[in-house]
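Student: Here you go, this is work22.cif (mmCIF, C-alpha atoms).
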```
data_structure
#
loop_
_atom_site.label_atom_id
_atom_site.label_comp_id
_atom_site.auth_asym_id
_atom_site.auth_seq_id
_atom_site.Cartn_x
_atom_site.Cartn_y
_atom_site.Cartn_z
CA MET A 1 -69.21 84.49 1.78
CA THR A 2 -69.26 86.78 -1.27
CA ALA A 3 -65.78 88.08 -0.47
CA ILE A 4 -64.47 84.51 -0.10
CA CYS A 5 -65.96 83.51 -3.48
CA ARG A 6 -64.40 86.55 -5.15
CA LYS A 7 -61.02 85.67 -3.63
CA LYS A 8 -61.29 82.08 -4.86
CA ASN A 9 -62.28 83.27 -8.33
CA LYS A 10 -59.30 85.64 -8.39
CA ASN A 11 -56.98 82.82 -7.37
CA ARG A 12 -58.33 80.64 -10.20
CA GLU A 13 -57.85 83.48 -12.69
CA ASN A 14 -54.26 83.89 -11.52
CA LEU A 15 -53.68 80.15 -11.88
CA LEU A 16 -55.08 80.13 -15.42
CA SER A 17 -52.95 83.11 -16.39
CA ALA A 18 -49.79 81.55 -14.93
CA ILE A 19 -50.33 78.27 -16.81
CA HIS A 20 -50.87 80.11 -20.09
CA ASP A 21 -47.66 82.07 -19.50
CA LEU A 22 -45.72 78.88 -18.75
CA ILE A 23 -47.02 77.16 -21.88
CA ALA A 24 -46.04 80.19 -23.95
CA GLN A 25 -42.43 79.78 -22.73
CA VAL A 26 -42.11 76.26 -24.17
CA SER A 27 -39.65 76.52 -27.07
CA ASP A 28 -40.73 73.39 -28.94
CA PRO A 29 -43.73 74.51 -31.08
CA ARG A 30 -45.21 71.00 -31.34
CA LEU A 31 -45.01 70.44 -27.59
CA ARG A 32 -46.39 73.94 -26.94
CA GLU A 33 -49.33 73.24 -29.26
CA ARG A 34 -50.09 69.91 -27.61
CA LEU A 35 -49.90 71.40 -24.11
CA SER A 36 -52.23 74.23 -25.15
CA ALA A 37 -54.74 71.75 -26.59
CA GLU A 38 -54.64 69.51 -23.52
CA TRP A 39 -55.06 72.45 -21.16
CA ALA A 40 -57.98 73.81 -23.19
CA THR A 41 -59.72 70.44 -22.87
CA ALA A 42 -59.05 70.23 -19.12
CA SER A 43 -60.27 73.79 -18.56
CA GLN A 44 -63.66 73.01 -20.10
CA ASP A 45 -64.39 70.57 -17.27
CA LYS A 46 -63.72 73.17 -14.60
CA LYS A 47 -66.40 75.29 -12.94
CA PHE A 48 -65.58 78.92 -12.26
CA GLY A 49 -67.60 81.62 -10.55
CA LEU A 50 -70.31 80.17 -8.30
CA VAL A 51 -69.25 76.55 -7.75
CA PHE A 52 -71.62 73.87 -6.49
CA GLU A 53 -72.36 70.21 -7.14
CA ASP A 54 -75.43 68.81 -8.94
CA HIS A 55 -76.41 66.47 -6.08
CA LEU A 56 -78.33 63.85 -7.98
CA PRO A 57 -80.51 61.95 -7.51
CA GLU A 58 -83.40 63.89 -6.04
CA LEU A 59 -86.41 61.74 -5.16
CA LEU A 60 -89.83 63.09 -6.04
CA PRO A 61 -93.15 61.65 -4.80
CA LEU A 62 -95.89 61.01 -7.39
CA TYR A 63 -99.19 61.27 -5.57
CA GLY A 64 -102.15 59.48 -7.13
CA VAL A 65 -100.00 57.17 -9.29
CA LYS A 66 -100.76 53.46 -8.86
CA PRO A 67 -97.69 51.27 -8.21
CA ARG A 68 -96.65 48.87 -10.96
CA ARG A 69 -94.13 46.08 -11.12
CA GLY A 70 -90.61 47.54 -11.06
CA ASP A 71 -91.66 50.91 -9.57
CA LEU A 72 -89.79 52.51 -6.71
CA VAL A 73 -92.06 53.11 -3.72
CA CYS A 74 -91.96 54.27 -0.13
CA ARG A 75 -94.55 54.12 2.65
CA LYS A 76 -96.96 57.06 2.65
CA LEU A 77 -96.45 57.53 6.38
CA GLY A 78 -92.71 56.75 6.29
CA PRO A 79 -89.59 58.63 5.23
CA LEU A 80 -89.21 59.41 1.53
CA GLN A 81 -85.67 58.00 1.49
CA ASP A 82 -86.79 54.52 2.66
CA VAL A 83 -87.15 53.24 -0.92
CA TRP A 84 -88.38 49.79 -1.98
CA GLN A 85 -88.87 48.26 -5.41
CA VAL A 86 -92.08 46.45 -6.36
CA ARG A 87 -91.45 42.86 -7.46
CA THR A 88 -95.03 41.55 -7.76
CA LEU A 89 -98.59 42.82 -7.27
CA ARG A 90 -101.51 40.61 -6.28
CA ASP A 91 -104.83 41.05 -4.46
CA GLY A 92 -104.02 44.55 -3.23
CA MET A 93 -100.62 43.52 -1.87
CA ALA A 94 -97.17 44.36 -3.21
CA THR A 95 -94.12 42.17 -2.67
CA CYS A 96 -91.20 44.59 -2.39
CA ILE A 97 -87.42 44.27 -2.17
CA LYS A 98 -84.67 46.65 -1.18
CA PRO A 99 -82.65 47.92 -4.20
CA GLN A 100 -79.02 46.89 -4.30
CA ASP A 101 -77.77 50.47 -4.67
CA GLY A 102 -79.30 52.82 -2.12
CA ASN A 103 -77.81 55.91 -3.75
CA HIS A 104 -79.13 55.00 -7.21
CA PRO A 105 -82.10 52.73 -6.48
CA SER A 106 -83.61 52.87 -9.98
CA GLU A 107 -80.50 51.21 -11.42
CA ALA A 108 -80.91 48.06 -9.33
CA LYS A 109 -83.30 45.34 -10.57
CA ALA A 110 -82.53 42.63 -8.04
CA SER A 111 -81.61 42.35 -4.42
CA ALA A 112 -80.55 39.74 -1.91
CA SER A 113 -82.70 41.34 0.82
CA THR A 114 -85.72 39.59 2.30
CA PRO A 115 -88.94 40.45 0.41
CA LEU A 116 -91.54 42.46 2.29
CA ASN A 117 -95.31 42.36 1.67
CA LEU A 118 -97.00 45.77 1.85
CA ALA A 119 -100.54 46.91 1.13
CA VAL A 120 -100.72 48.85 -2.15
CA ASP A 121 -102.82 51.55 -0.45
CA GLU A 122 -99.92 52.23 1.93
CA LEU A 123 -97.41 52.90 -0.86
CA LEU A 124 -96.34 56.06 -2.65
CA VAL A 125 -94.59 55.90 -6.03
CA VAL A 126 -91.35 57.90 -6.28
CA ARG A 127 -89.12 58.83 -9.19
CA GLN A 128 -85.55 60.05 -9.49
CA PHE A 129 -84.47 63.10 -11.44
CA GLY A 130 -83.61 62.02 -14.97
CA GLU A 131 -86.33 59.37 -15.16
CA PRO A 132 -89.07 60.08 -17.73
CA ILE A 133 -92.06 61.83 -16.17
CA PHE A 134 -94.95 63.14 -18.26
CA PRO A 135 -96.94 65.59 -16.10
CA ALA A 136 -100.63 66.22 -16.70
CA LEU A 137 -103.33 68.32 -15.03
CA VAL A 138 -106.32 66.57 -13.47
CA PRO A 139 -109.23 68.89 -12.43
CA ILE A 140 -110.14 68.41 -8.76
CA ASN A 141 -112.52 71.20 -7.88
CA ALA A 142 -113.70 74.66 -8.91
CA VAL A 143 -115.10 77.65 -7.03
CA ALA A 144 -117.15 80.26 -8.91
CA ASN A 145 -117.84 83.57 -7.15
CA GLY A 146 -117.99 85.97 -10.08
CA PRO A 147 -119.25 86.33 -13.64
CA ALA A 148 -118.21 83.66 -16.12
CA ASP A 149 -116.38 86.16 -18.34
CA ALA A 150 -114.28 87.59 -15.46
CA PRO A 151 -110.56 86.75 -15.07
CA TRP A 152 -110.01 83.36 -13.45
CA HIS A 153 -107.23 81.79 -11.46
CA THR A 154 -105.82 78.26 -11.37
CA LEU A 155 -104.14 76.62 -8.39
CA ILE A 156 -101.82 73.77 -9.38
CA GLU A 157 -100.99 71.31 -6.61
CA ALA A 158 -97.74 69.59 -7.57
CA ASP A 159 -94.01 69.51 -7.04
CA ASN A 160 -92.87 72.93 -8.24
CA TYR A 161 -90.47 71.43 -10.78
CA HIS A 162 -93.22 69.37 -12.43
CA ALA A 163 -95.66 72.29 -12.38
CA LEU A 164 -93.15 74.59 -14.09
CA GLN A 165 -92.23 71.86 -16.57
CA LEU A 166 -95.88 71.41 -17.51
CA LEU A 167 -96.47 75.15 -17.95
CA THR A 168 -93.57 75.46 -20.40
CA TYR A 169 -95.50 73.36 -22.92
CA LEU A 170 -98.20 76.05 -23.20
CA TYR A 171 -96.75 79.32 -21.93
CA GLU A 172 -93.03 79.38 -22.69
CA GLY A 173 -91.87 82.98 -23.05
CA GLN A 174 -95.34 84.38 -22.27
CA VAL A 175 -95.38 84.93 -18.49
CA ASP A 176 -95.28 88.52 -17.20
CA CYS A 177 -94.29 87.85 -13.58
CA ILE A 178 -93.21 84.94 -11.36
CA TYR A 179 -93.16 85.25 -7.56
CA ILE A 180 -91.45 82.45 -5.62
CA ASP A 181 -91.00 81.83 -1.91
CA PRO A 182 -88.45 78.97 -1.84
CA PRO A 183 -87.25 77.12 1.27
CA TYR A 184 -84.96 79.37 3.29
CA ASN A 185 -82.62 76.47 4.13
CA THR A 186 -82.54 77.42 7.80
CA GLY A 187 -82.01 73.88 9.07
CA SER A 188 -85.61 73.33 10.17
CA ARG A 189 -86.99 69.86 9.44
CA ASP A 190 -89.61 70.95 6.91
CA TRP A 191 -87.86 70.42 3.58
CA LYS A 192 -87.04 67.10 1.89
CA TYR A 193 -84.23 67.00 -0.66
CA ASN A 194 -81.66 64.52 -1.97
CA ASN A 195 -83.27 61.53 -0.20
CA ASP A 196 -83.14 63.16 3.23
CA TYR A 197 -83.78 66.30 5.17
CA VAL A 198 -81.21 69.05 4.74
CA ASP A 199 -80.29 70.54 8.12
CA SER A 200 -77.71 72.85 9.62
CA ASN A 201 -75.31 69.94 10.23
CA ASP A 202 -75.13 69.00 6.55
CA SER A 203 -71.85 70.34 5.16
CA TRP A 204 -73.35 70.28 1.65
CA ARG A 205 -76.57 72.12 2.52
CA HIS A 206 -75.74 75.29 0.55
CA SER A 207 -74.62 73.31 -2.47
CA LYS A 208 -77.73 71.09 -2.35
CA TRP A 209 -79.95 74.16 -2.06
CA LEU A 210 -78.30 75.77 -5.10
CA ALA A 211 -78.71 72.59 -7.15
CA PHE A 212 -82.37 72.44 -6.09
CA MET A 213 -82.95 76.07 -7.08
CA GLU A 214 -81.02 75.97 -10.36
CA LYS A 215 -83.24 73.23 -11.83
CA ARG A 216 -86.38 75.23 -11.10
CA LEU A 217 -85.03 78.64 -12.05
CA LYS A 218 -84.03 77.31 -15.47
CA LEU A 219 -87.69 76.46 -16.10
CA ALA A 220 -88.85 79.79 -14.67
CA LYS A 221 -86.51 81.60 -17.06
CA ARG A 222 -88.05 79.76 -20.01
CA LEU A 223 -91.53 80.83 -18.93
CA LEU A 224 -90.80 84.54 -18.48
CA LYS A 225 -91.09 87.03 -21.32
CA PRO A 226 -87.48 87.51 -22.45
CA ASP A 227 -87.56 91.35 -22.47
CA THR A 228 -90.18 92.36 -19.88
CA GLY A 229 -90.65 89.34 -17.58
CA VAL A 230 -90.21 89.99 -13.85
CA LEU A 231 -88.89 87.47 -11.29
CA ILE A 232 -89.52 88.18 -7.59
CA VAL A 233 -87.93 85.99 -4.90
CA THR A 234 -88.48 86.05 -1.14
CA ILE A 235 -85.38 84.88 0.74
CA ASP A 236 -83.59 85.44 4.04
CA LYS A 237 -79.94 85.81 5.03
CA ASN A 238 -79.17 82.06 4.94
CA GLU A 239 -79.03 81.93 1.13
CA LEU A 240 -79.30 85.59 0.13
CA HIS A 241 -75.80 85.97 -1.30
CA HIS A 242 -75.70 82.50 -2.86
CA LEU A 243 -79.02 83.15 -4.60
CA GLY A 244 -77.84 86.56 -5.79
CA MET A 245 -74.79 85.00 -7.44
CA LEU A 246 -76.88 82.21 -8.97
CA LEU A 247 -79.35 84.70 -10.47
CA ALA A 248 -76.53 86.88 -11.77
CA ASP A 249 -75.02 83.84 -13.46
CA MET A 250 -78.32 82.63 -14.94
CA LEU A 251 -79.72 86.06 -15.88
CA PRO A 252 -76.65 88.15 -16.78
CA ASP A 253 -78.66 90.70 -18.80
CA ALA A 254 -81.42 91.21 -16.23
CA THR A 255 -82.05 94.55 -14.53
CA ARG A 256 -81.80 94.30 -10.75
#
```
Starting from the file, give its structure as C-alpha cells.
Tutor:
Amino acid sequence: MTAICRKKNKNRENLLSAIHDLIAQVSDPRLRERLSAEWATASQDKKFGLVFEDHLPELLPLYGVKPRRGDLVCRKLGPLQDVWQVRTLRDGMATCIKPQDGNHPSEAKASASTPLNLAVDELLVVRQFGEPIFPALVPINAVANGPADAPWHTLIEADNYHALQLLTYLYEGQVDCIYIDPPYNTGSRDWKYNNDYVDSNDSWRHSKWLAFMEKRLKLAKRLLKPDTGVLIVTIDKNELHHLGMLLADMLPDATR
C-alpha cells in the first residue's frame, strides 16, 4: 500500500510539473498569467500525499442526556443509525418522526412518515459531528486505597473525542505521554462509525478509519507538550502503514 501511495504521489507531481511547463509556453503574457492564477486556485482544492475523505457525519451517543423536543434519538437497545427526531414529549412518552434526510438527519425538521410513540426511558440522544456539544465531567464514584496526599488517577468514561476535547480546556500543551489503543479495523462487528458498522466489505473502511483517527489525533497533538510529549499507539497490520503516513503528515517534526 505504501508503494502504491508513493507511485500515485509521484504521478501527481509529474502532472503538476507538466502543467506548469505547458503554461510557461503560452506566448500571450495576459493569458499565461490568467492560466497560472486559475491553476493555483484549482491546486489548492487538491489533496496530495495521504488522501482520504472526511466521511461526515459521525453519530455520537450522549448517555445520560434527557431528550428534548427536536433532539435526534435512537433506541437504547437498537442500532445507532436508526435515528428518529422528537416532535413532542408528554407523560414520559415521546412522539417521534423519521427525518427527511437520512444522511443528514439534523437538517430535517419535518417528515411525512408516520409518527411513532416511544417511552423516553428507551431513548438515547445522539448528535452529529459539527453540532455544538459542551462536555462536562460528572463525578460517579471514588476509590481510596492510599494516603490522601499520594498521586491519584482519574478514569473518564466518555467518547474519546469528547474526553480529549474536554481535557484541552485545562491541559493543552501540558501532557507528557498519551497511550492509545484504537480500533484495529479488522472487520469485526465491534466498532460503530459513520452511522453503521465498518466491516471488511466496506470499500471505504480505510478512509473512514483515517477520518476517525485524524479528528482525535488533532486533539491529542494539542494536549501533548510540544517539545517532549510522547505519543504511543498500539496497532496491527490492517492500518499500520496508513497510520504511519497519517502521523508523519500530522507530526512532521516528531522523532520516531
Student: In Å to one decimal, how far is CA of Lys215 in chain A from CA of Pro183 in chain A?
Tutor: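 These atoms are spaced 14.2 Å apart.
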Student: Using the chain letters and residue numbers of this document, give as an MDAnalysis selection string the residues selected by the PyMOL selection byres ((chain A and resi 166) around 12).
Tutor: chainID A and resid 133:137 156 158:165 167:172 219:220 222:223
Student: Translate the PyMOL selection byres ((chain A and resi 71) around 9) into a concrete residue list for this structure, as a VMD selection string.
Tutor: chain A and resid 67 to 70 72 to 73 84 to 87 106 125 to 127
Student: Could you write those residues out with C-alpha atoms, as a PDB file, in the coordinates of the input?
Tutor:
```pdb
ATOM      1  CA  PRO A  67     -97.690  51.270  -8.210  1.00  0.00           C
ATOM      2  CA  ARG A  68     -96.650  48.870 -10.960  1.00  0.00           C
ATOM      3  CA  ARG A  69     -94.130  46.080 -11.120  1.00  0.00           C
ATOM      4  CA  GLY A  70     -90.610  47.540 -11.060  1.00  0.00           C
ATOM      5  CA  LEU A  72     -89.790  52.510  -6.710  1.00  0.00           C
ATOM      6  CA  VAL A  73     -92.060  53.110  -3.720  1.00  0.00           C
ATOM      7  CA  TRP A  84     -88.380  49.790  -1.980  1.00  0.00           C
ATOM      8  CA  GLN A  85     -88.870  48.260  -5.410  1.00  0.00           C
ATOM      9  CA  VAL A  86     -92.080  46.450  -6.360  1.00  0.00           C
ATOM     10  CA  ARG A  87     -91.450  42.860  -7.460  1.00  0.00           C
ATOM     11  CA  SER A 106     -83.610  52.870  -9.980  1.00  0.00           C
ATOM     12  CA  VAL A 125     -94.590  55.900  -6.030  1.00  0.00           C
ATOM     13  CA  VAL A 126     -91.350  57.900  -6.280  1.00  0.00           C
ATOM     14  CA  ARG A 127     -89.120  58.830  -9.190  1.00  0.00           C
TER      15      ARG A 127
END
```
Student: Neighbouring residues of Asn185 in chain A were defined as those with any atom within 8 Å, considering only C-alpha atoms; residues of the same chain fewer than 4 positions away were excluded. Please report them as an MDAnalysis selection string.
Tutor: chainID A and resid 198:199 205:206 209 238:239
Student: Can you list, as a count of residues only, every protein, DNA or RNA residue that comes within 8 Å of range 93-97 of chain A when you count all atoms listed in the file, leaving out same-chain residues fewer than 5 positions away?
Tutor: 15
Student: Measure the distance from CA of Gly78 in chain A to CA of Phe212 in chain A in Å and round it to one decimal.
Tutor: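 Result for CA of Gly78 in chain A versus CA of Phe212 in chain A: 22.5 Å, one decimal.
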Student: Residues picked by the PyMOL selection byres ((chain A and resi 237) around 12) here, as a PDB file with C-alpha atoms, keeping the file's coordinate frame?
Tutor:
```pdb
ATOM      1  CA  MET A   1     -69.210  84.490   1.780  1.00  0.00           C
ATOM      2  CA  PRO A 183     -87.250  77.120   1.270  1.00  0.00           C
ATOM      3  CA  TYR A 184     -84.960  79.370   3.290  1.00  0.00           C
ATOM      4  CA  ASN A 185     -82.620  76.470   4.130  1.00  0.00           C
ATOM      5  CA  THR A 186     -82.540  77.420   7.800  1.00  0.00           C
ATOM      6  CA  THR A 234     -88.480  86.050  -1.140  1.00  0.00           C
ATOM      7  CA  ILE A 235     -85.380  84.880   0.740  1.00  0.00           C
ATOM      8  CA  ASP A 236     -83.590  85.440   4.040  1.00  0.00           C
ATOM      9  CA  ASN A 238     -79.170  82.060   4.940  1.00  0.00           C
ATOM     10  CA  GLU A 239     -79.030  81.930   1.130  1.00  0.00           C
ATOM     11  CA  LEU A 240     -79.300  85.590   0.130  1.00  0.00           C
ATOM     12  CA  HIS A 241     -75.800  85.970  -1.300  1.00  0.00           C
ATOM     13  CA  HIS A 242     -75.700  82.500  -2.860  1.00  0.00           C
ATOM     14  CA  LEU A 243     -79.020  83.150  -4.600  1.00  0.00           C
ATOM     15  CA  GLY A 244     -77.840  86.560  -5.790  1.00  0.00           C
TER      16      GLY A 244
END
```
Student: Can range 203-214 of chain A be brought up to all heavy atoms and written out as a PDB file, in the coordinates of the input?
Tutor:
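As a result, selection.pdb now contains:
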```pdb
ATOM      1  N   SER A 203     -72.893  69.480   5.718  1.00  0.00           N
ATOM      2  CA  SER A 203     -71.850  70.340   5.160  1.00  0.00           C
ATOM      3  C   SER A 203     -72.099  70.709   3.706  1.00  0.00           C
ATOM      4  O   SER A 203     -71.448  71.606   3.168  1.00  0.00           O
ATOM      5  CB  SER A 203     -70.478  69.655   5.304  1.00  0.00           C
ATOM      6  OG  SER A 203     -70.474  68.420   4.611  1.00  0.00           O
ATOM      7  N   TRP A 204     -73.040  70.001   3.055  1.00  0.00           N
ATOM      8  CA  TRP A 204     -73.350  70.280   1.650  1.00  0.00           C
ATOM      9  C   TRP A 204     -74.671  71.053   1.510  1.00  0.00           C
ATOM     10  O   TRP A 204     -75.207  71.166   0.408  1.00  0.00           O
ATOM     11  CB  TRP A 204     -73.465  68.972   0.867  1.00  0.00           C
ATOM     12  CG  TRP A 204     -72.164  68.266   0.705  1.00  0.00           C
ATOM     13  CD1 TRP A 204     -71.662  67.276   1.498  1.00  0.00           C
ATOM     14  CD2 TRP A 204     -71.185  68.479  -0.314  1.00  0.00           C
ATOM     15  NE1 TRP A 204     -70.441  66.861   1.041  1.00  0.00           N
ATOM     16  CE2 TRP A 204     -70.119  67.588  -0.074  1.00  0.00           C
ATOM     17  CE3 TRP A 204     -71.095  69.345  -1.407  1.00  0.00           C
ATOM     18  CZ2 TRP A 204     -68.993  67.528  -0.881  1.00  0.00           C
ATOM     19  CZ3 TRP A 204     -69.977  69.284  -2.216  1.00  0.00           C
ATOM     20  CH2 TRP A 204     -68.936  68.392  -1.945  1.00  0.00           C
ATOM     21  N   ARG A 205     -75.204  71.596   2.594  1.00  0.00           N
ATOM     22  CA  ARG A 205     -76.570  72.120   2.520  1.00  0.00           C
ATOM     23  C   ARG A 205     -76.685  73.308   1.578  1.00  0.00           C
ATOM     24  O   ARG A 205     -77.702  73.458   0.897  1.00  0.00           O
ATOM     25  CB  ARG A 205     -77.081  72.474   3.916  1.00  0.00           C
ATOM     26  CG  ARG A 205     -76.381  73.630   4.608  1.00  0.00           C
ATOM     27  CD  ARG A 205     -76.855  73.726   6.062  1.00  0.00           C
ATOM     28  NE  ARG A 205     -76.268  74.868   6.756  1.00  0.00           N
ATOM     29  CZ  ARG A 205     -76.882  76.019   6.911  1.00  0.00           C
ATOM     30  NH1 ARG A 205     -78.089  76.187   6.417  1.00  0.00           N
ATOM     31  NH2 ARG A 205     -76.299  77.004   7.550  1.00  0.00           N
ATOM     32  N   HIS A 206     -75.671  74.160   1.487  1.00  0.00           N
ATOM     33  CA  HIS A 206     -75.740  75.290   0.550  1.00  0.00           C
ATOM     34  C   HIS A 206     -75.660  74.799  -0.892  1.00  0.00           C
ATOM     35  O   HIS A 206     -76.376  75.276  -1.771  1.00  0.00           O
ATOM     36  CB  HIS A 206     -74.620  76.287   0.839  1.00  0.00           C
ATOM     37  CG  HIS A 206     -74.713  76.935   2.187  1.00  0.00           C
ATOM     38  ND1 HIS A 206     -75.739  77.796   2.525  1.00  0.00           N
ATOM     39  CD2 HIS A 206     -73.927  76.826   3.285  1.00  0.00           C
ATOM     40  CE1 HIS A 206     -75.568  78.206   3.780  1.00  0.00           C
ATOM     41  NE2 HIS A 206     -74.481  77.634   4.255  1.00  0.00           N
ATOM     42  N   SER A 207     -74.780  73.858  -1.133  1.00  0.00           N
ATOM     43  CA  SER A 207     -74.620  73.310  -2.470  1.00  0.00           C
ATOM     44  C   SER A 207     -75.890  72.584  -2.920  1.00  0.00           C
ATOM     45  O   SER A 207     -76.338  72.718  -4.058  1.00  0.00           O
ATOM     46  CB  SER A 207     -73.421  72.361  -2.509  1.00  0.00           C
ATOM     47  OG  SER A 207     -73.155  71.909  -3.808  1.00  0.00           O
ATOM     48  N   LYS A 208     -76.490  71.798  -2.023  1.00  0.00           N
ATOM     49  CA  LYS A 208     -77.730  71.090  -2.350  1.00  0.00           C
ATOM     50  C   LYS A 208     -78.855  72.088  -2.642  1.00  0.00           C
ATOM     51  O   LYS A 208     -79.662  71.884  -3.547  1.00  0.00           O
ATOM     52  CB  LYS A 208     -78.126  70.166  -1.193  1.00  0.00           C
ATOM     53  CG  LYS A 208     -77.219  68.965  -1.032  1.00  0.00           C
ATOM     54  CD  LYS A 208     -77.637  68.116   0.173  1.00  0.00           C
ATOM     55  CE  LYS A 208     -76.748  66.894   0.306  1.00  0.00           C
ATOM     56  NZ  LYS A 208     -77.092  66.074   1.492  1.00  0.00           N
ATOM     57  N   TRP A 209     -78.901  73.146  -1.853  1.00  0.00           N
ATOM     58  CA  TRP A 209     -79.950  74.160  -2.060  1.00  0.00           C
ATOM     59  C   TRP A 209     -79.778  74.824  -3.421  1.00  0.00           C
ATOM     60  O   TRP A 209     -80.757  75.048  -4.137  1.00  0.00           O
ATOM     61  CB  TRP A 209     -79.872  75.195  -0.941  1.00  0.00           C
ATOM     62  CG  TRP A 209     -81.002  76.176  -0.935  1.00  0.00           C
ATOM     63  CD1 TRP A 209     -82.212  76.033  -0.308  1.00  0.00           C
ATOM     64  CD2 TRP A 209     -81.032  77.452  -1.575  1.00  0.00           C
ATOM     65  NE1 TRP A 209     -82.990  77.141  -0.521  1.00  0.00           N
ATOM     66  CE2 TRP A 209     -82.295  78.039  -1.301  1.00  0.00           C
ATOM     67  CE3 TRP A 209     -80.128  78.163  -2.355  1.00  0.00           C
ATOM     68  CZ2 TRP A 209     -82.670  79.286  -1.775  1.00  0.00           C
ATOM     69  CZ3 TRP A 209     -80.496  79.418  -2.839  1.00  0.00           C
ATOM     70  CH2 TRP A 209     -81.753  79.969  -2.552  1.00  0.00           C
ATOM     71  N   LEU A 210     -78.553  75.151  -3.800  1.00  0.00           N
ATOM     72  CA  LEU A 210     -78.300  75.770  -5.100  1.00  0.00           C
ATOM     73  C   LEU A 210     -78.665  74.845  -6.249  1.00  0.00           C
ATOM     74  O   LEU A 210     -79.234  75.270  -7.259  1.00  0.00           O
ATOM     75  CB  LEU A 210     -76.835  76.198  -5.204  1.00  0.00           C
ATOM     76  CG  LEU A 210     -76.456  77.433  -4.394  1.00  0.00           C
ATOM     77  CD1 LEU A 210     -74.936  77.557  -4.305  1.00  0.00           C
ATOM     78  CD2 LEU A 210     -77.050  78.689  -5.026  1.00  0.00           C
ATOM     79  N   ALA A 211     -78.344  73.558  -6.112  1.00  0.00           N
ATOM     80  CA  ALA A 211     -78.710  72.590  -7.150  1.00  0.00           C
ATOM     81  C   ALA A 211     -80.224  72.486  -7.269  1.00  0.00           C
ATOM     82  O   ALA A 211     -80.776  72.419  -8.375  1.00  0.00           O
ATOM     83  CB  ALA A 211     -78.100  71.220  -6.841  1.00  0.00           C
ATOM     84  N   PHE A 212     -80.903  72.474  -6.128  1.00  0.00           N
ATOM     85  CA  PHE A 212     -82.370  72.440  -6.090  1.00  0.00           C
ATOM     86  C   PHE A 212     -82.954  73.654  -6.804  1.00  0.00           C
ATOM     87  O   PHE A 212     -83.868  73.542  -7.634  1.00  0.00           O
ATOM     88  CB  PHE A 212     -82.802  72.394  -4.633  1.00  0.00           C
ATOM     89  CG  PHE A 212     -84.276  72.534  -4.398  1.00  0.00           C
ATOM     90  CD1 PHE A 212     -85.093  71.414  -4.325  1.00  0.00           C
ATOM     91  CD2 PHE A 212     -84.860  73.780  -4.201  1.00  0.00           C
ATOM     92  CE1 PHE A 212     -86.456  71.540  -4.086  1.00  0.00           C
ATOM     93  CE2 PHE A 212     -86.215  73.918  -3.966  1.00  0.00           C
ATOM     94  CZ  PHE A 212     -87.015  72.789  -3.909  1.00  0.00           C
ATOM     95  N   MET A 213     -82.422  74.832  -6.506  1.00  0.00           N
ATOM     96  CA  MET A 213     -82.950  76.070  -7.080  1.00  0.00           C
ATOM     97  C   MET A 213     -82.619  76.206  -8.557  1.00  0.00           C
ATOM     98  O   MET A 213     -83.441  76.687  -9.344  1.00  0.00           O
ATOM     99  CB  MET A 213     -82.378  77.264  -6.311  1.00  0.00           C
ATOM    100  CG  MET A 213     -82.915  77.419  -4.905  1.00  0.00           C
ATOM    101  SD  MET A 213     -84.700  77.745  -4.862  1.00  0.00           S
ATOM    102  CE  MET A 213     -84.777  79.314  -5.718  1.00  0.00           C
ATOM    103  N   GLU A 214     -81.423  75.796  -8.959  1.00  0.00           N
ATOM    104  CA  GLU A 214     -81.020  75.970 -10.360  1.00  0.00           C
ATOM    105  C   GLU A 214     -81.958  75.237 -11.305  1.00  0.00           C
ATOM    106  O   GLU A 214     -82.341  75.770 -12.353  1.00  0.00           O
ATOM    107  CB  GLU A 214     -79.586  75.483 -10.558  1.00  0.00           C
ATOM    108  CG  GLU A 214     -79.085  75.717 -11.982  1.00  0.00           C
ATOM    109  CD  GLU A 214     -77.759  75.049 -12.251  1.00  0.00           C
ATOM    110  OE1 GLU A 214     -77.584  73.894 -11.821  1.00  0.00           O
ATOM    111  OE2 GLU A 214     -76.894  75.674 -12.906  1.00  0.00           O
TER     112      GLU A 214
END
```
